[in-house]
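What follows is a short report on a single structure.
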Amino acid sequence: MKLDTRERSLLGLASILVGFLFIVLLRAQGVAGSQGARQDTAVPSLIQTEQENQQLSTDNEKTQLELSKYAQGQSASTLANQQLQEAQMNAGLIEVTGPGLQITLDDSKSVDKGVDANNLIHEQYIRAIFNALWNGGAEAIAVNGQRVTTNTEVFCAGSYIQINGTRQMPPYVIEAIGETSNLSSALNFYVWYQLADLQKQYGITRKLEVLDKVTAPAGKLRDYHYAVPVKEGT
Amino acid sequence: MHRWKRSLALPVTLVAIALGFLISLQAQTQKNVSAAEKISAQRMTQMKSVLSNSQAQNTKLHEEQRVLSGKLDEARKRVGTDPQLLDQLKQLQMLEGTQAVEGSGIQIGIDDRNKKVLFPLSTDDIARLINTLKFAGAEAISINGQRIVSSTAVVLSGSSVILVNQVPINRAEGVSYELDAIGNQDTLLDYFSKLEAPILKQNGLTVSITKKVLRIPAYKGTYTFKQAKPVVTP
């Protein structure tokens with residue numbers, strides 16, 4: 001096809017125009033796409049740093065307080081014992097009591113029992129309840145006399161559920177200490193009604209009691225073979 | 001030069017009008033985009049300044065902590081605190097999670113952002129993965145930098161943001177979830193690759209497990225006991 005100069009120049013102009021439009025469009029698209037991502041990462045890291053700052057400043061205050069006590073000549077062993085007591089409390093190694101909830105879960109009484117059947121209490125129900133209770137501000141949780149600590153597993157091993165390395169059979173009695181209204185509403189928000197459905201359909205039983213006094217036994221300290229504390233300032 | 005054909009007049013006019021319309025539209029969009037760009041750049045700089053502020057504070061606090069803990073060590077030595085007691089304290093702090101730890105373990109990367117994935121990782125999935133690691137005897141666990149302690153709850157905020165220890169852990173870039181666990185590498189690897197990895201892979205998620213020497217950060221939250229009181233044994 002032969003084009004004269006005029007046509008050619010027109011065609012060239014048109015191509016340049018289209019190319020220009022295309023580039024502008026791409027740029028606009030790129031800006032809109034990339035902006036969201038950067039802000040997404042900034043927010044969590046901000047919250048995390050803020051939280052760390054808060055913890056650090058309370059830590060530092062505590063250390064300063066301790067130092068001043070040393071300066072006043074307070075007995076070193078009393079001080080260390082106090083700290084030990086506090087850490088044991090945090091780690092769940094001290095038996096505690098207070099107002100709280102008692103939740104009792106049991107398998108269905110129907111004869112037809114299989115491992116995956118819906119008429120059994122499964123490990124995930126217990127875990128979901130723990131999760132909801134911690135979220136509701138629980139201060140201590142125990143199940144069937146086993147205190148829930150950092151290392152507590154709730155693992156289905158066939159006919160029983162392994163908790164803290166012990167075999168637990170239904171009924172499962174979960175005790176949680178904390179602000180009872182907060183605990184109940186967290187429980188209702190997350191799992192309680194799902195369990196109600198299971199109760200209606202398959203006959204598992206669930207019971208929730210608000211008690212003035214529940215007790216969570218002391219947990220156990222574990223041995224550490226692999227993890228060592230990080231030295232400060234490294 | 002030949003004369004214009006009459007029949008071409010109408011289409012050419014139409015094309016010209018369309019092109020003109022597009023160009024003006026583009027100009028308008030461009031204006032909007034640059035305005036949006038300006039606003040979001042402003043937001044970014046504000047965000048950045050807040051973030052860098054808190055980061056600066058963070059480093060300051062870290063420095064302060066280093067100095068203070070040095071002084072504390074000295075003071076303890078001077079008054080002669082029982083080193084065995086201090087060891088015990090460290091171990092308790094490892095259990096409650098306020099002590100950062102290091103040691104050999106496994107690092108698990110899980111990516112749920114490819115096209116094959118029907119359901120991204122849920123809070124229940126995360127709770128199950130953590131539970132399996134505990135079952136395998138992990139001494140310390142973290143997910144996306146959040147230390148797992150007894151009172152850790154994994155919950156959804158809105159429809160897609162996952163909170164662990166009340167901190168959003170979603171990542172916009174890189175691997176979506178990174179689980180670190182310190183413990184016996186063979187046991188951890190064995191349990192995780194047999195119990196969890198196959199299910200995840202079946203659902204289309206990308207899973208990578210590596211043996212590594214890891215450092216797991218401290219729990220940044222605090223423990224509060226308002227309702228729970230220690231049981232005093234007579």
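FYI, nothing fancy with the structure tokens labels: chains A, B, ... in order, residues from 1 per chain, ligands from 1 as they appear.
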Those of segment 89-179 of chain A in DSSP alpha helix (DSSP H), formatted as a list in words: Met89, Asn90, Ala91, Glu123, Gln124, Tyr125, Ile126, Arg127, Ala128, Ile129, Phe130, Asn131, Ala132, Leu133, Trp134 and Asn135 of chain A
Might you pull out every residue within 9 Å of Gly137 of chain B, with only C-alpha atoms counted and same-chain residues fewer than 5 positions away left off, and present them as a PyMOL selection string? (chain A and resi 151) or (chain B and resi 132+182-184+187-188)
Take the residues from that selection and put them in a file with N, CA and C atoms, as an mmCIF file, in the first residue's frame.
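Wrote part-v2.cif, looks like this:
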```cif
data_model
loop_
_atom_site.group_PDB
_atom_site.id
_atom_site.type_symbol
_atom_site.label_atom_id
_atom_site.label_comp_id
_atom_site.auth_asym_id
_atom_site.auth_seq_id
_atom_site.Cartn_x
_atom_site.Cartn_y
_atom_site.Cartn_z
ATOM 1 N N ASN A 151 3.005 -24.203 76.551
ATOM 2 C CA ASN A 151 3.326 -25.407 75.781
ATOM 3 C C ASN A 151 2.187 -26.406 75.686
ATOM 4 N N THR B 132 0.104 -28.416 66.522
ATOM 5 C CA THR B 132 0.931 -29.531 66.084
ATOM 6 C C THR B 132 2.389 -29.310 66.464
ATOM 7 N N ILE B 182 11.539 -23.468 67.758
ATOM 8 C CA ILE B 182 12.799 -23.992 68.268
ATOM 9 C C ILE B 182 12.515 -25.296 68.993
ATOM 10 N N GLY B 183 13.384 -26.283 68.747
ATOM 11 C CA GLY B 183 13.193 -27.585 69.374
ATOM 12 C C GLY B 183 14.021 -28.617 68.630
ATOM 13 N N ASN B 184 13.704 -29.889 68.850
ATOM 14 C CA ASN B 184 14.405 -30.942 68.130
ATOM 15 C C ASN B 184 14.025 -30.883 66.654
ATOM 16 N N THR B 187 12.363 -34.077 65.022
ATOM 17 C CA THR B 187 10.989 -34.325 65.477
ATOM 18 C C THR B 187 10.028 -33.304 64.879
ATOM 19 N N LEU B 188 10.434 -32.033 64.959
ATOM 20 C CA LEU B 188 9.570 -30.974 64.436
ATOM 21 C C LEU B 188 9.291 -31.184 62.950
#
```
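Between atom CA of Ser108 of chain A and atom CA of Gly203 of chain A there is a distance of 4.8 Å.
The residues of chain B lying at most 6 Å from chain A, with only C-alpha atoms taken into account, are Leu51, Asn58, Gln65, Arg66, Thr81, Leu89, Leu92, Leu95, Glu96, Ala100, Val101, Glu102, Gly103, Asn131, Lys134, Phe135, Val149, Ser150, Ser151, Ala153, Pro168, Ala172, Gly183, Lys220, Gln227, Ala228, Lys229, Pro230 and Val231 of chain B.
Distance check against Ser159 of chain A using only C-alpha atoms: of A:Asp197, A:Glu7, A:Asp107, A:Glu175, the minimum falls on A:Asp107.
Using only C-alpha atoms, the nearest neighbour of Ser68 of chain A within the list B:Ala75, B:Ser49, B:Ser7, B:Ile106 is B:Ala75.
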Need the shell around Gln185 of chain B: protein/DNA/RNA residues with any atom at most 8 Å away, counting only C-alpha atoms. Skip same-chain ones fewer than 5 positions apart. Format as a tab-separated table (two decimals) with C-alpha atoms, in the first residue's frame?
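Contents of around-v3.tsv, as written:
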```tsv
chain	number	residue	atom	x	y	z
B	104	SER	CA	18.11	-24.70	66.43
B	105	GLY	CA	14.70	-25.37	64.97
B	106	ILE	CA	12.65	-25.23	61.82
B	211	LYS	CA	16.15	-26.44	59.38
```
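A straight line drawn from atom CA of Ile110 of chain B to atom CA of Ser176 of chain B is 6.2 Å long.
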